[in-house]
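A.B. asks: Supplied in structure tokens, the structure appears directly below.
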Amino acid sequence: MSIERSIFRYIAAGAVVARDDRVLVLRRPSRSELRLPKGHVEPGESVLAAALRETREESGYDGLLLQADLGIQLVDFEWDGRRILRTEWYFLMTLADPDAPPSEAEGQFEPLWLTWEEARAALTYDAEREWVRRAFLTTKEIL
């Protein structure tokens, strides 16, 4: 007899935001995490619109400029007794005004700018390190 586990599927969108030789990351002290901005795609919302909204909400940075679509990947993990299958879609973005300070972000996150190498070493999750790797290679081609 097999035991069926609950599987939860959803789509998330986020951004790797580059400024000079640095990458925007979000520290989440309550969970001891270092993350990239990302969140659920709402019904009727495009993945790009979700990536822009989530990045703005979580980091406080506005005036985001799309540079490239970094693609998608499926992330499969266990959380709270459930199997989660999350399709992630990320974009490479820059700031229209790199010197503009962020507005107030969600209270759970603290925006930080790390070098590409620091970000890849410090991010909590392998999937997000992969997005930074892809974004770095893309910047060498287009920026």
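Order determines the names: the first chain of the structure tokens is A, the second B, and so forth; residues in each chain are numbered 1 upward, and ligands are numbered 1 upward as they are shown.
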Determine, counting only C-alpha atoms, which protein, DNA and RNA residues have an atom within 6 Å of an atom of stretch 86-93 of chain A; residues of the same chain fewer than 3 positions away are not included. Present the result as JSON, numbers by chain.

C.D. replies: {"A": [9, 10, 11, 12, 13, 14, 15, 16, 17, 65, 66, 67, 68, 69, 70, 71, 72, 73, 74, 75]}

A.B. asks: Write out as a list in words each polymer residue whose atoms come within 7 Å of A:Leu114, counting only C-alpha atoms; drop sequence neighbours fewer than 6 positions from it.

C.D. replies: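 So, after excluding close chain neighbours, the residues are Arg22, Val23 and Leu24 of chain A.
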
A.B. asks: Calculated over only C-alpha atoms, which of the candidates A:Ile7, A:Leu85, A:Leu26, A:Leu95 has the smallest distance to A:Gln108?

C.D. replies: A:Leu26

A.B. asks: Excluding A:Asp62 and residues on its chain fewer than 6 positions from it, collect all residues at most 8 Å away from it, counting only C-alpha atoms, and give them as a list in words.

C.D. replies: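 Returned residues: Arg56, Leu95, Pro102 and Ser103 of chain A.
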
A.B. asks: Please produce a file of the residues just selected, as a compact mmCIF listing (two decimals), in the first residue's frame, where the atoms kept are N, CA and C atoms.

C.D. replies:
# COMPACT_ATOMS: atom_id res chain seq x y z
N ARG A 56 10.02 44.75 -6.44
CA ARG A 56 9.71 46.06 -5.87
C ARG A 56 9.21 45.93 -4.43
N LEU A 95 18.71 48.85 -12.63
CA LEU A 95 17.95 49.98 -12.11
C LEU A 95 18.04 51.16 -13.07
N PRO A 102 16.25 52.89 -2.12
CA PRO A 102 15.00 52.13 -2.15
C PRO A 102 13.94 52.81 -1.29
N SER A 103 12.69 52.59 -1.66
CA SER A 103 11.60 53.01 -0.79
C SER A 103 11.44 51.93 0.28

A.B. asks: Name the closest residue to A:Leu64 among the candidates A:Arg82, A:Arg35, A:Trp131, A:Ala100; distances are taken between atoms, counting only C-alpha atoms.

C.D. replies: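 The closest residue to A:Leu64 is A:Ala100.
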
A.B. asks: With only C-alpha atoms as the atoms that count, which of A:Ser59, A:Ser6, A:Ser32, A:Ser46 lies nearest to A:Phe109?

C.D. replies: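 Closest candidate: A:Ser59.
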
A.B. asks: Restricting the calculation to only C-alpha atoms: of A:Asp20, A:Asp76, A:Glu141, A:Glu58, which residue gets closest to A:Asp97?

C.D. replies: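 Among the listed residues, the smallest separation from A:Asp97 belongs to A:Asp20.
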